[in-house]
>>> print(open('upload.txt').read())   # compact mmCIF, C-alpha atoms and all ligand atoms
# COMPACT_ATOMS: atom_id res chain seq x y z
CA MET A 1 199.45 -37.08 256.79
CA LEU A 2 198.91 -33.86 258.70
CA VAL A 3 199.37 -30.29 257.54
CA ILE A 4 199.88 -27.46 259.97
CA ASN A 5 198.70 -24.36 258.16
CA ASN A 6 199.35 -20.67 258.55
CA GLY A 7 201.39 -20.76 261.74
CA ARG A 8 204.19 -18.36 262.51
CA VAL A 9 207.14 -20.74 262.51
CA ILE A 10 209.91 -19.66 264.85
CA ASP A 11 212.98 -21.88 264.90
CA PRO A 12 216.23 -20.58 266.36
CA ALA A 13 218.09 -23.56 264.87
CA THR A 14 217.41 -22.36 261.33
CA ASN A 15 217.02 -18.68 262.14
CA THR A 16 213.44 -18.77 260.94
CA ASP A 17 210.59 -16.44 261.90
CA ARG A 18 207.99 -16.44 259.14
CA PRO A 19 204.61 -17.91 258.17
CA ARG A 20 205.02 -21.48 256.98
CA ASP A 21 202.95 -24.57 256.32
CA ILE A 22 204.36 -27.84 257.56
CA LEU A 23 203.57 -31.23 256.06
CA ILE A 24 204.01 -34.22 258.35
CA ASP A 25 204.21 -37.74 256.98
CA GLY A 26 204.33 -40.50 259.58
CA ASP A 27 206.71 -39.48 262.33
CA LYS A 28 208.74 -37.09 260.19
CA ILE A 29 208.45 -33.61 258.77
CA ALA A 30 208.06 -34.09 255.00
CA GLU A 31 208.04 -30.51 253.78
CA VAL A 32 208.12 -26.91 254.98
CA ALA A 33 206.67 -24.40 252.53
CA GLU A 34 205.31 -20.91 252.11
CA PRO A 35 201.63 -20.71 253.07
CA GLY A 36 199.35 -22.08 250.37
CA ARG A 37 202.15 -23.80 248.46
CA LEU A 38 201.56 -27.30 249.75
CA ALA A 39 199.26 -29.18 247.40
CA THR A 40 195.86 -29.67 248.99
CA VAL A 41 195.08 -33.33 248.96
CA PRO A 42 191.57 -34.43 249.97
CA GLY A 43 191.49 -36.41 253.18
CA ARG A 44 194.64 -34.87 254.49
CA GLU A 45 194.18 -33.78 258.09
CA THR A 46 194.81 -30.07 258.60
CA PHE A 47 195.52 -28.01 261.66
CA ASP A 48 194.88 -24.30 261.31
CA ALA A 49 197.60 -22.54 263.28
CA ALA A 50 196.69 -19.00 262.20
CA GLY A 51 197.60 -16.59 264.98
CA LEU A 52 199.75 -19.21 266.71
CA ILE A 53 203.46 -19.87 267.04
CA VAL A 54 204.86 -23.16 265.76
CA ALA A 55 208.18 -24.07 267.34
CA PRO A 56 210.40 -27.15 267.46
CA GLY A 57 209.23 -29.50 270.22
CA PHE A 58 210.17 -28.26 273.67
CA ILE A 59 212.71 -30.40 275.53
CA ASP A 60 212.75 -30.52 279.33
CA LEU A 61 216.17 -31.50 280.65
CA HIS A 62 215.00 -32.04 284.20
CA ALA A 63 211.93 -33.94 285.37
CA HIS A 64 210.98 -36.48 288.00
CA LEU A 65 208.47 -39.04 286.71
CA ARG A 66 208.62 -41.22 289.87
CA GLU A 67 208.32 -44.54 288.06
CA PRO A 68 209.47 -47.09 289.12
CA GLY A 69 208.63 -47.02 292.80
CA GLN A 70 206.65 -43.90 293.68
CA GLU A 71 203.63 -44.37 291.45
CA SER A 72 201.30 -42.78 293.99
CA SER A 73 202.98 -39.45 293.21
CA GLU A 74 203.40 -39.85 289.42
CA THR A 75 203.81 -42.41 286.69
CA ILE A 76 205.44 -42.17 283.30
CA GLU A 77 201.94 -42.06 281.85
CA THR A 78 200.56 -39.26 284.05
CA GLY A 79 203.80 -37.29 284.05
CA THR A 80 204.16 -37.35 280.28
CA ARG A 81 200.52 -36.34 279.85
CA ALA A 82 201.21 -33.32 282.05
CA ALA A 83 204.36 -32.67 280.00
CA ALA A 84 202.33 -32.74 276.77
CA ARG A 85 199.91 -30.20 278.26
CA GLY A 86 202.93 -28.04 279.00
CA GLY A 87 204.07 -28.17 275.37
CA PHE A 88 206.98 -30.55 275.96
CA THR A 89 207.65 -33.24 273.37
CA ALA A 90 210.59 -34.79 275.24
CA VAL A 91 211.47 -34.95 278.91
CA CYS A 92 214.64 -36.18 280.56
CA SER A 93 213.77 -38.30 283.57
CA MET A 94 215.93 -38.06 286.66
CA PRO A 95 217.20 -41.32 288.15
CA ASN A 96 216.05 -40.82 291.77
CA THR A 97 213.33 -43.43 291.44
CA LYS A 98 212.93 -46.59 293.58
CA PRO A 99 215.06 -48.40 292.61
CA VAL A 100 217.44 -45.72 291.43
CA ASN A 101 218.22 -45.82 287.72
CA ASP A 102 221.86 -46.83 288.22
CA ASN A 103 222.02 -49.81 285.86
CA ALA A 104 220.91 -50.84 282.39
CA SER A 105 217.93 -52.90 283.51
CA VAL A 106 216.27 -49.92 285.19
CA THR A 107 217.09 -47.76 282.16
CA ARG A 108 215.44 -50.33 279.92
CA PHE A 109 212.42 -50.51 282.23
CA VAL A 110 211.94 -46.74 282.00
CA LEU A 111 212.26 -46.80 278.21
CA ASP A 112 209.86 -49.74 277.89
CA ARG A 113 207.26 -48.04 280.10
CA ALA A 114 207.69 -44.83 278.15
CA LYS A 115 207.13 -46.66 274.89
CA ALA A 116 204.05 -48.41 276.24
CA THR A 117 202.44 -45.57 278.19
CA GLY A 118 204.24 -42.29 277.50
CA ALA A 119 202.59 -39.38 275.71
CA VAL A 120 205.94 -37.77 274.90
CA HIS A 121 209.51 -38.97 274.46
CA VAL A 122 211.27 -39.93 277.68
CA TRP A 123 215.05 -39.70 277.71
CA PRO A 124 216.40 -41.27 280.89
CA ILE A 125 219.27 -39.88 282.92
CA GLY A 126 221.39 -42.46 284.75
CA ALA A 127 222.71 -42.13 288.28
CA ALA A 128 226.36 -41.14 288.66
CA SER A 129 226.89 -43.42 291.65
CA VAL A 130 225.38 -46.72 292.76
CA GLY A 131 222.04 -45.89 294.39
CA SER A 132 223.11 -42.23 294.10
CA GLN A 133 224.80 -43.00 297.41
CA GLY A 134 228.03 -41.26 296.52
CA GLN A 135 230.26 -44.28 297.21
CA ALA A 136 230.91 -46.21 294.00
CA ILE A 137 230.58 -45.15 290.39
CA SER A 138 227.56 -46.66 288.62
CA GLU A 139 227.58 -48.77 285.44
CA ILE A 140 227.61 -45.75 283.17
CA ALA A 141 228.74 -47.47 279.95
CA GLY A 142 226.05 -50.15 280.30
CA MET A 143 223.40 -47.50 280.85
CA LYS A 144 224.65 -45.55 277.87
CA ASP A 145 224.21 -48.61 275.68
CA ALA A 146 220.69 -48.97 277.10
CA GLY A 147 219.84 -45.36 276.24
CA ILE A 148 220.69 -42.79 278.93
CA VAL A 149 221.42 -39.28 277.70
CA ALA A 150 223.32 -37.94 280.74
CA VAL A 151 224.29 -38.83 284.30
CA SER A 152 223.34 -37.17 287.58
CA ASP A 153 222.86 -37.94 291.26
CA ASP A 154 220.08 -35.31 291.27
CA GLY A 155 218.30 -34.84 294.53
CA LYS A 156 221.82 -34.63 295.88
CA PRO A 157 225.20 -33.55 294.56
CA ILE A 158 227.85 -36.07 293.51
CA ALA A 159 229.10 -36.64 297.03
CA THR A 160 232.83 -36.02 296.84
CA ALA A 161 235.29 -34.26 294.56
CA LYS A 162 237.09 -37.55 294.08
CA LEU A 163 233.98 -39.31 292.85
CA ALA A 164 232.94 -36.35 290.72
CA ARG A 165 236.35 -36.44 289.07
CA GLN A 166 236.01 -40.15 288.34
CA VAL A 167 232.48 -39.70 286.94
CA MET A 168 233.65 -36.82 284.76
CA ASP A 169 236.57 -38.88 283.46
CA TYR A 170 234.24 -41.69 282.43
CA CYS A 171 231.63 -39.38 280.98
CA ARG A 172 234.24 -37.53 278.99
CA SER A 173 235.32 -40.71 277.27
CA LEU A 174 231.67 -41.71 276.71
CA ASP A 175 230.78 -38.16 275.61
CA LEU A 176 227.93 -37.86 278.12
CA PRO A 177 227.09 -34.67 280.01
CA VAL A 178 227.40 -34.74 283.80
CA ILE A 179 224.42 -32.95 285.34
CA GLU A 180 225.14 -31.62 288.80
CA HIS A 181 222.65 -30.83 291.53
CA ALA A 182 225.06 -28.31 293.03
CA GLU A 183 224.87 -28.26 296.80
CA ASP A 184 227.48 -28.40 299.51
CA VAL A 185 225.47 -30.51 301.91
CA SER A 186 227.52 -29.46 304.93
CA LEU A 187 226.23 -25.92 304.41
CA ALA A 188 222.66 -27.11 303.88
CA VAL A 189 222.09 -29.56 306.75
CA GLY A 190 218.55 -29.16 308.08
CA ALA A 191 217.82 -26.21 305.80
CA VAL A 192 214.36 -25.89 304.26
CA MET A 193 214.71 -22.55 302.45
CA ARG A 194 217.26 -19.91 301.49
CA GLU A 195 219.06 -18.26 304.40
CA GLY A 196 218.20 -14.59 304.81
CA VAL A 197 215.89 -12.08 306.44
CA THR A 198 212.81 -14.09 305.45
CA SER A 199 214.11 -17.38 306.88
CA THR A 200 214.92 -15.56 310.11
CA ARG A 201 211.50 -13.93 310.26
CA LEU A 202 209.75 -17.25 309.64
CA GLY A 203 212.01 -19.12 312.04
CA LEU A 204 212.91 -21.65 309.34
CA ARG A 205 216.41 -22.94 308.86
CA GLY A 206 218.08 -21.53 305.76
CA MET A 207 220.95 -22.55 303.50
CA PRO A 208 223.17 -19.81 302.14
CA ALA A 209 223.56 -19.16 298.42
CA ALA A 210 227.13 -20.35 298.92
CA ALA A 211 225.85 -23.91 299.44
CA GLU A 212 225.26 -23.97 295.70
CA ALA A 213 228.16 -21.78 294.60
CA VAL A 214 230.79 -23.77 296.52
CA CYS A 215 229.77 -26.93 294.67
CA VAL A 216 229.71 -25.16 291.30
CA ALA A 217 233.25 -23.92 291.99
CA ARG A 218 234.42 -27.46 292.76
CA ASP A 219 232.83 -28.85 289.63
CA VAL A 220 234.14 -26.15 287.31
CA GLN A 221 237.65 -27.01 288.53
CA LEU A 222 237.00 -30.68 287.86
CA ALA A 223 235.52 -29.98 284.43
CA GLU A 224 238.73 -28.14 283.63
CA LEU A 225 240.82 -31.01 284.96
CA THR A 226 238.94 -33.73 283.07
CA GLY A 227 237.63 -31.93 279.99
CA ALA A 228 234.13 -33.22 280.77
CA ARG A 229 230.85 -31.58 279.79
CA LEU A 230 229.45 -30.18 283.03
CA HIS A 231 225.83 -29.06 283.18
CA VAL A 232 224.64 -27.26 286.32
CA ALA A 233 221.01 -28.15 287.11
CA HIS A 234 218.44 -25.66 288.44
CA LEU A 235 220.97 -22.89 289.02
CA SER A 236 219.52 -20.44 291.55
CA ALA A 237 222.22 -18.10 292.83
CA LYS A 238 223.97 -15.09 291.35
CA ALA A 239 227.36 -16.32 292.59
CA SER A 240 226.92 -19.63 290.78
CA LEU A 241 225.90 -17.90 287.57
CA GLU A 242 229.01 -15.74 287.69
CA GLN A 243 231.13 -18.86 287.88
CA VAL A 244 229.39 -20.40 284.89
CA ARG A 245 229.89 -17.15 282.99
CA SER A 246 233.59 -17.12 283.76
CA ALA A 247 234.00 -20.83 282.96
CA LYS A 248 232.39 -20.23 279.57
CA SER A 249 234.64 -17.28 278.87
CA ARG A 250 237.61 -19.57 279.54
CA GLY A 251 236.30 -22.00 276.93
CA LEU A 252 235.25 -24.77 279.31
CA ARG A 253 232.34 -27.02 278.35
CA VAL A 254 230.11 -25.77 281.17
CA THR A 255 226.38 -25.12 280.73
CA CYS A 256 223.46 -24.43 283.04
CA GLU A 257 219.68 -24.44 283.27
CA VAL A 258 217.26 -22.26 285.24
CA THR A 259 213.73 -23.19 286.32
CA PRO A 260 210.63 -21.04 285.80
CA HIS A 261 210.06 -20.89 289.56
CA HIS A 262 213.53 -19.50 290.21
CA PHE A 263 213.14 -16.75 287.62
CA THR A 264 209.61 -15.93 288.87
CA LEU A 265 209.59 -16.23 292.68
CA ILE A 266 211.95 -15.22 295.49
CA ASP A 267 212.47 -16.16 299.13
CA GLU A 268 210.17 -13.34 300.21
CA ASP A 269 207.29 -15.28 298.59
CA VAL A 270 207.79 -18.17 301.02
CA SER A 271 205.39 -18.53 303.94
CA TYR A 272 204.66 -21.79 305.72
CA ASP A 273 203.06 -23.18 302.57
CA SER A 274 204.95 -26.31 301.49
CA ARG A 275 204.12 -25.64 297.83
CA PHE A 276 206.90 -23.06 298.00
CA LYS A 277 209.44 -25.60 299.21
CA MET A 278 211.91 -26.93 296.70
CA ASN A 279 215.62 -27.58 296.41
CA PRO A 280 217.47 -25.42 295.56
CA PRO A 281 215.20 -23.02 297.42
CA LEU A 282 213.91 -19.75 296.04
CA GLY A 283 216.70 -17.18 296.06
CA ALA A 284 216.99 -13.52 296.94
CA ARG A 285 215.74 -10.67 294.79
CA GLU A 286 219.24 -10.04 293.40
CA ASP A 287 219.60 -13.71 292.47
CA ARG A 288 216.43 -13.55 290.40
CA ALA A 289 217.67 -10.38 288.70
CA ALA A 290 220.95 -12.12 287.85
CA LEU A 291 219.12 -15.17 286.45
CA LEU A 292 216.98 -12.94 284.24
CA GLU A 293 220.13 -11.27 282.97
CA GLY A 294 221.77 -14.64 282.33
CA LEU A 295 218.71 -15.85 280.42
CA ALA A 296 218.95 -12.78 278.21
CA ASP A 297 222.72 -12.67 277.64
CA GLY A 298 223.23 -16.36 276.84
CA THR A 299 224.93 -17.45 280.08
CA VAL A 300 221.90 -19.64 280.80
CA ASP A 301 221.56 -22.37 278.17
CA ALA A 302 218.14 -23.83 278.92
CA ILE A 303 214.92 -23.51 280.86
CA ALA A 304 214.18 -26.78 282.69
CA THR A 305 211.21 -27.44 284.94
CA ASP A 306 212.48 -29.73 287.73
CA HIS A 307 208.91 -31.09 287.69
CA ALA A 308 208.88 -32.80 291.10
CA PRO A 309 205.49 -34.30 291.99
CA HIS A 310 204.79 -35.38 295.57
CA GLU A 311 201.38 -36.82 296.42
CA PRO A 312 199.23 -34.79 298.86
CA ALA A 313 199.76 -37.24 301.73
CA LEU A 314 203.48 -36.47 301.61
CA LYS A 315 203.41 -32.79 300.72
CA ASP A 316 200.45 -31.47 302.74
CA VAL A 317 202.34 -31.40 306.03
CA GLU A 318 204.28 -28.78 307.99
CA PHE A 319 206.83 -26.88 305.91
CA ASP A 320 209.73 -28.39 307.85
CA ARG A 321 208.60 -31.96 307.20
CA ALA A 322 207.45 -31.68 303.59
CA PRO A 323 209.64 -33.06 300.79
CA PHE A 324 211.32 -30.64 298.39
CA GLY A 325 209.76 -30.12 294.97
CA ILE A 326 206.93 -28.62 292.94
CA LEU A 327 205.08 -29.42 289.71
CA GLY A 328 206.55 -27.69 286.68
CA PHE A 329 205.43 -28.83 283.25
CA GLU A 330 202.13 -27.05 282.74
CA THR A 331 203.14 -23.61 283.98
CA ALA A 332 206.61 -23.39 282.40
CA LEU A 333 205.69 -21.71 279.14
CA GLY A 334 203.15 -19.36 280.74
CA LEU A 335 205.72 -18.21 283.28
CA ALA A 336 208.41 -17.79 280.62
CA LEU A 337 206.09 -15.68 278.48
CA GLU A 338 205.12 -13.56 281.48
CA GLN A 339 208.54 -13.03 283.01
CA LEU A 340 210.71 -13.01 279.89
CA VAL A 341 208.71 -12.00 276.83
CA HIS A 342 205.76 -9.89 277.99
CA ALA A 343 208.05 -8.19 280.52
CA GLY A 344 210.23 -7.14 277.58
CA ARG A 345 213.35 -8.87 278.84
CA LEU A 346 213.87 -11.38 276.00
CA PRO A 347 212.79 -11.58 272.39
CA LEU A 348 210.36 -14.43 271.73
CA GLY A 349 212.95 -16.25 269.61
CA ARG A 350 215.42 -16.33 272.48
CA MET A 351 212.78 -17.71 274.84
CA ILE A 352 212.03 -20.46 272.32
CA GLU A 353 215.74 -21.21 272.05
CA LEU A 354 215.86 -21.83 275.80
CA PHE A 355 213.19 -24.54 275.40
CA THR A 356 214.53 -26.10 272.18
CA ARG A 357 217.96 -25.58 270.70
CA GLY A 358 219.49 -24.80 274.10
CA PRO A 359 218.61 -28.12 275.75
CA ALA A 360 219.22 -30.04 272.50
CA ARG A 361 222.80 -28.76 272.34
CA ILE A 362 223.46 -29.81 275.92
CA LEU A 363 222.39 -33.32 274.93
CA GLY A 364 224.52 -33.13 271.80
CA ILE A 365 221.61 -33.40 269.39
CA GLU A 366 220.15 -31.10 266.78
CA ARG A 367 216.44 -30.42 266.46
CA LYS A 368 214.96 -28.16 263.80
CA ILE A 369 211.90 -27.66 261.66
CA ALA A 370 213.06 -29.09 258.35
CA ALA A 371 212.24 -31.93 255.98
CA GLY A 372 213.44 -35.28 257.28
CA GLN A 373 213.47 -34.21 260.94
CA PRO A 374 211.33 -35.90 263.63
CA ALA A 375 207.84 -34.37 263.64
CA ASP A 376 208.01 -33.03 267.21
CA LEU A 377 206.38 -29.60 267.36
CA THR A 378 205.05 -27.24 269.99
CA VAL A 379 202.19 -24.95 268.98
CA PHE A 380 201.41 -22.10 271.35
CA SER A 381 199.69 -18.78 271.78
CA ILE A 382 201.38 -15.67 273.09
CA ASP A 383 198.20 -13.88 274.04
CA ARG A 384 195.33 -16.26 274.88
CA ALA A 385 194.17 -15.79 278.46
CA TRP A 386 193.87 -18.92 280.56
CA THR A 387 193.95 -19.95 284.19
CA TYR A 388 196.01 -22.81 285.57
CA ARG A 389 193.88 -25.11 287.70
CA VAL A 390 195.92 -27.83 289.28
CA GLU A 391 192.80 -29.98 289.82
CA ASP A 392 192.62 -30.33 286.01
CA SER A 393 196.17 -31.63 285.76
CA PRO A 394 196.79 -35.19 284.58
CA SER A 395 199.59 -35.30 287.16
CA LYS A 396 198.90 -37.45 290.20
CA SER A 397 200.17 -34.68 292.45
CA ARG A 398 198.90 -31.20 293.28
CA ASN A 399 201.97 -29.41 294.63
CA SER A 400 202.03 -26.23 292.58
CA PRO A 401 202.38 -22.73 293.99
CA PHE A 402 200.78 -21.42 290.79
CA ASP A 403 197.31 -22.95 291.22
CA GLY A 404 194.70 -20.39 290.13
CA LYS A 405 197.23 -18.18 288.40
CA GLN A 406 196.13 -16.37 285.25
CA PHE A 407 198.38 -16.50 282.22
CA ARG A 408 198.64 -14.70 278.92
CA GLY A 409 199.71 -17.26 276.34
CA GLY A 410 200.44 -20.95 276.67
CA PRO A 411 200.48 -24.32 274.90
CA VAL A 412 197.78 -24.99 272.30
CA ALA A 413 198.95 -28.26 270.73
CA THR A 414 201.78 -30.71 271.20
CA ILE A 415 202.83 -32.97 268.36
CA VAL A 416 205.07 -35.94 269.08
CA ALA A 417 206.37 -38.14 266.27
CA GLY A 418 203.63 -36.80 264.00
CA ARG A 419 200.78 -37.42 266.46
CA VAL A 420 198.79 -34.69 268.19
CA VAL A 421 199.16 -35.76 271.82
CA TYR A 422 197.61 -32.63 273.29
CA ARG A 423 195.34 -29.98 271.94
CA THR A 424 193.21 -27.30 273.62
CA ASN A 425 189.72 -26.97 272.29
O1 LIG B 501 212.96 -29.84 294.74
C1 LIG B 501 213.52 -30.86 294.41
N1 LIG B 501 212.83 -32.00 294.22
N2 LIG B 501 214.83 -30.85 294.26
C2 LIG B 501 215.53 -31.96 294.04
O2 LIG B 501 216.71 -31.89 293.92
C3 LIG B 501 214.86 -33.28 294.00
C4 LIG B 501 213.45 -33.14 293.63
C5 LIG B 501 212.65 -34.37 293.90
O3 LIG B 501 213.06 -35.47 293.53
O4 LIG B 501 211.56 -34.25 294.49
ZN ZN B 502 218.05 -31.29 291.94
>>> encode(input="upload.txt", output="structure tokens", more="lines below")
Ligand code: DOR
Ligand code: ZN
Amino acid sequence: MLVINNGRVIDPATNTDRPRDILIDGDKIAEVAEPGRLATVPGRETFDAAGLIVAPGFIDLHAHLREPGQESSETIETGTRAAARGGFTAVCSMPNTKPVNDNASVTRFVLDRAKATGAVHVWPIGAASVGSQGQAISEIAGMKDAGIVAVSDDGKPIATAKLARQVMDYCRSLDLPVIEHAEDVSLAVGAVMREGVTSTRLGLRGMPAAAEAVCVARDVQLAELTGARLHVAHLSAKASLEQVRSAKSRGLRVTCEVTPHHFTLIDEDVSYDSRFKMNPPLGAREDRAALLEGLADGTVDAIATDHAPHEPALKDVEFDRAPFGILGFETALGLALEQLVHAGRLPLGRMIELFTRGPARILGIERKIAAGQPADLTVFSIDRAWTYRVEDSPSKSRNSPFDGKQFRGGPVATIVAGRVVYRTN
């Protein structure tokens, strides 16, 4: 048994923001009570959370754990340890592994490895098409039985409108969300960053914002046609956000996520440093402003990291040749506090919603701090100063543009199924 004492419990799912003590028994929350009300039993482990926020466990809808197949960049063990340090209690793992998670045996492998080696829950996402090759639909029903929570060809878009329609039809009947990496590849061929003044100045090939928005437009039409739940991954452009906003106002089941790097950085921050290379690329100043607005007004449903480790041998090369992707777990909360809360753009409760209730709803589950619920909790500070040092990361990769950055507030403890899997000293 573990008691978390004196924390400020903030839970958007129950509209709570007050001091509470939480009793955990096994892997469940046993009781939530006013401070001092829980009977003190000798031998019971206590965690003093005075001055700290206690929130439902953060859920990351979008992560690349690289296992099976690219274990030199990350494993389920190292990736989930980094996730725990970031305050995440559950991460959804993208299927672009080697082999691709496009059938039940790979799904089961991921779940088995997660059970054996994972520090946090791993919820696999299955590929939409065989090998994510965009030709034939994958065995979605079999993967659902094995435990996938969504489908996606992430890394690339679902290749054609015809296939996307078919995938949405299936997923509608199976009640699974379709997560789209929105990109019209014909507009993005050879591009390594966003098209604009900066790409011209640097002499790097850019993709226009429309590369994303054109694909979002296609998918919104198909979501309307099929009635499927469409979730737009790592949305980065103002034009795409406007389409999500309008789809929502028409009552379609369309949601989206934004990454911390897209609401923090812009294309002008890009130099020839491959740690600033990711897909979708960093947008223009007005895109970032639109994302911040969408995070505040409810158009954006979740913050997701797109944690994309690439080992130094792959990433430490010329910008043009480096793979897309950056680390995301450990800096997500610090960046959200800085850009959203300390900057006065969002109330703290709304920021927490974007890490908890928002992603849970997209997955069709409910998570709250209440008796009987899984004991997954994120404890964090909103004011402790700390510095992110990528060399201290449990991740096998080092590709973060935020190495050395100072933060105000961040994760203090991560509790998964009643166990403290991470705690700062
Ligand atoms: O930056 C990215 N990295 N974007 C993607 O779509 C894929 C990901 C990866 O797998 O590295
Ligand atoms: Zn992607």
>>> closest_atom_pairs(input="upload.txt", of="chain A", to="ligand LIG 501 (chain B)", cutoff="9 Å", atoms="all atoms listed in the file", output="tab-separated table")
residue	atom	partner	partner_atom	distance
A:Ala63	CA	B:LIG501	O3	8.4
A:His64	CA	B:LIG501	O3	6.0
A:Leu65	CA	B:LIG501	O3	9.0
A:Arg66	CA	B:LIG501	O3	8.1
A:Met94	CA	B:LIG501	O3	7.9
A:Pro95	CA	B:LIG501	O3	9.0
A:Asn96	CA	B:LIG501	O3	6.4
A:Thr97	CA	B:LIG501	O3	8.2
A:Asp154	CA	B:LIG501	O2	5.5
A:Gly155	CA	B:LIG501	O2	3.4
A:Lys156	CA	B:LIG501	O2	6.1
A:Pro157	CA	B:LIG501	O2	8.7
A:His181	CA	B:LIG501	O2	6.5
A:Ala233	CA	B:LIG501	O2	8.9
A:His234	CA	B:LIG501	O2	8.5
A:Lys277	CA	B:LIG501	O1	7.1
A:Met278	CA	B:LIG501	O1	3.7
A:Asn279	CA	B:LIG501	O1	3.9
A:Pro280	CA	B:LIG501	N2	6.2
A:Pro281	CA	B:LIG501	O1	7.7
A:Asp306	CA	B:LIG501	C1	6.9
A:His307	CA	B:LIG501	N1	7.7
A:Ala308	CA	B:LIG501	O4	4.6
A:Pro309	CA	B:LIG501	O4	6.6
A:His310	CA	B:LIG501	O4	6.9
A:Pro323	CA	B:LIG501	O4	6.7
A:Phe324	CA	B:LIG501	O1	4.1
A:Gly325	CA	B:LIG501	O1	3.2
A:Ile326	CA	B:LIG501	O1	6.4
>>> residues_near_point(input="upload.txt", point="(224.2, -34.4, 295.7)", cutoff="12 Å", atoms="all atoms listed in the file", output="PyMOL selection string")
chain A and resi 96+127-129+131-135+152-161+163-164+179-186+188+211-212+215-216+219+232-233+279-280
>>> write_last_selection(input="upload.txt", atoms="C-alpha atoms", output="mmCIF file, in the frame of the given file")
data_model
loop_
_atom_site.group_PDB
_atom_site.id
_atom_site.type_symbol
_atom_site.label_atom_id
_atom_site.label_comp_id
_atom_site.auth_asym_id
_atom_site.auth_seq_id
_atom_site.Cartn_x
_atom_site.Cartn_y
_atom_site.Cartn_z
ATOM 1 C CA ASN A 96 216.050 -40.820 291.770
ATOM 2 C CA ALA A 127 222.710 -42.130 288.280
ATOM 3 C CA ALA A 128 226.360 -41.140 288.660
ATOM 4 C CA SER A 129 226.890 -43.420 291.650
ATOM 5 C CA GLY A 131 222.040 -45.890 294.390
ATOM 6 C CA SER A 132 223.110 -42.230 294.100
ATOM 7 C CA GLN A 133 224.800 -43.000 297.410
ATOM 8 C CA GLY A 134 228.030 -41.260 296.520
ATOM 9 C CA GLN A 135 230.260 -44.280 297.210
ATOM 10 C CA SER A 152 223.340 -37.170 287.580
ATOM 11 C CA ASP A 153 222.860 -37.940 291.260
ATOM 12 C CA ASP A 154 220.080 -35.310 291.270
ATOM 13 C CA GLY A 155 218.300 -34.840 294.530
ATOM 14 C CA LYS A 156 221.820 -34.630 295.880
ATOM 15 C CA PRO A 157 225.200 -33.550 294.560
ATOM 16 C CA ILE A 158 227.850 -36.070 293.510
ATOM 17 C CA ALA A 159 229.100 -36.640 297.030
ATOM 18 C CA THR A 160 232.830 -36.020 296.840
ATOM 19 C CA ALA A 161 235.290 -34.260 294.560
ATOM 20 C CA LEU A 163 233.980 -39.310 292.850
ATOM 21 C CA ALA A 164 232.940 -36.350 290.720
ATOM 22 C CA ILE A 179 224.420 -32.950 285.340
ATOM 23 C CA GLU A 180 225.140 -31.620 288.800
ATOM 24 C CA HIS A 181 222.650 -30.830 291.530
ATOM 25 C CA ALA A 182 225.060 -28.310 293.030
ATOM 26 C CA GLU A 183 224.870 -28.260 296.800
ATOM 27 C CA ASP A 184 227.480 -28.400 299.510
ATOM 28 C CA VAL A 185 225.470 -30.510 301.910
ATOM 29 C CA SER A 186 227.520 -29.460 304.930
ATOM 30 C CA ALA A 188 222.660 -27.110 303.880
ATOM 31 C CA ALA A 211 225.850 -23.910 299.440
ATOM 32 C CA GLU A 212 225.260 -23.970 295.700
ATOM 33 C CA CYS A 215 229.770 -26.930 294.670
ATOM 34 C CA VAL A 216 229.710 -25.160 291.300
ATOM 35 C CA ASP A 219 232.830 -28.850 289.630
ATOM 36 C CA VAL A 232 224.640 -27.260 286.320
ATOM 37 C CA ALA A 233 221.010 -28.150 287.110
ATOM 38 C CA ASN A 279 215.620 -27.580 296.410
ATOM 39 C CA PRO A 280 217.470 -25.420 295.560
#
>>> residues_around(input="upload.txt", residues="region 16-29 of chain A", least_positions_apart="5", cutoff="8 Å", atoms="all atoms listed in the file", output="PyMOL selection string")
chain A and resi 1-11+34-38+369-375+416-419
>>> atom_distance(input="upload.txt", atom1="CA of Glu242 (chain A)", atom2="CA of Glu257 (chain A)")
13.5 Å
>>> residues_around(input="upload.txt", residues="Gly404 (chain A)", least_positions_apart="2", cutoff="9 Å", atoms="all atoms listed in the file", output="PyMOL selection string")
chain A and resi 387-390+401-402+406
>>> closest_residue(input="upload.txt", among="A:Glu293, A:Glu353, A:Glu74, A:Asp169", to="Pro312 (chain A)", atoms="all atoms listed in the file")
A:Glu74
>>> atom_distance(input="upload.txt", atom1="CA of Ala237 (chain A)", atom2="CA of Lys162 (chain A)")
24.5 Å
>>> residues_around(input="upload.txt", residues="region 346-351 of chain A", least_positions_apart="2", cutoff="10 Å", atoms="all atoms listed in the file", output="VMD selection string")
chain A and resid 10 to 12 15 to 17 53 55 292 to 293 295 to 298 302 to 303 333 336 to 337 339 to 344 353 to 358 382
>>> closest_residue(input="upload.txt", among="A:Pro42, A:Leu187, A:Thr305, A:Asp48", to="ligand ZN 502 (chain B)", atoms="only C-alpha atoms and all ligand atoms")
A:Thr305
>>> residues_near_point(input="upload.txt", point="(214.2, -30.0, 276.1)", cutoff="7 Å", atoms="all atoms listed in the file", output="ChimeraX atom specification")
/A:58-61,90-91,355-356,359-360
>>> axis_aligned_box(input="upload.txt", around="region 73-88 of chain A", padding_each_side="5 Å", output="AutoDock Vina command-line options")
--center_x 203.4 --center_y -35.2 --center_z 284.3 --size_x 17.1 --size_y 24.4 --size_z 27.8
>>> atom_distance(input="upload.txt", atom1="CA of Lys315 (chain A)", atom2="CA of His231 (chain A)")
28.7 Å
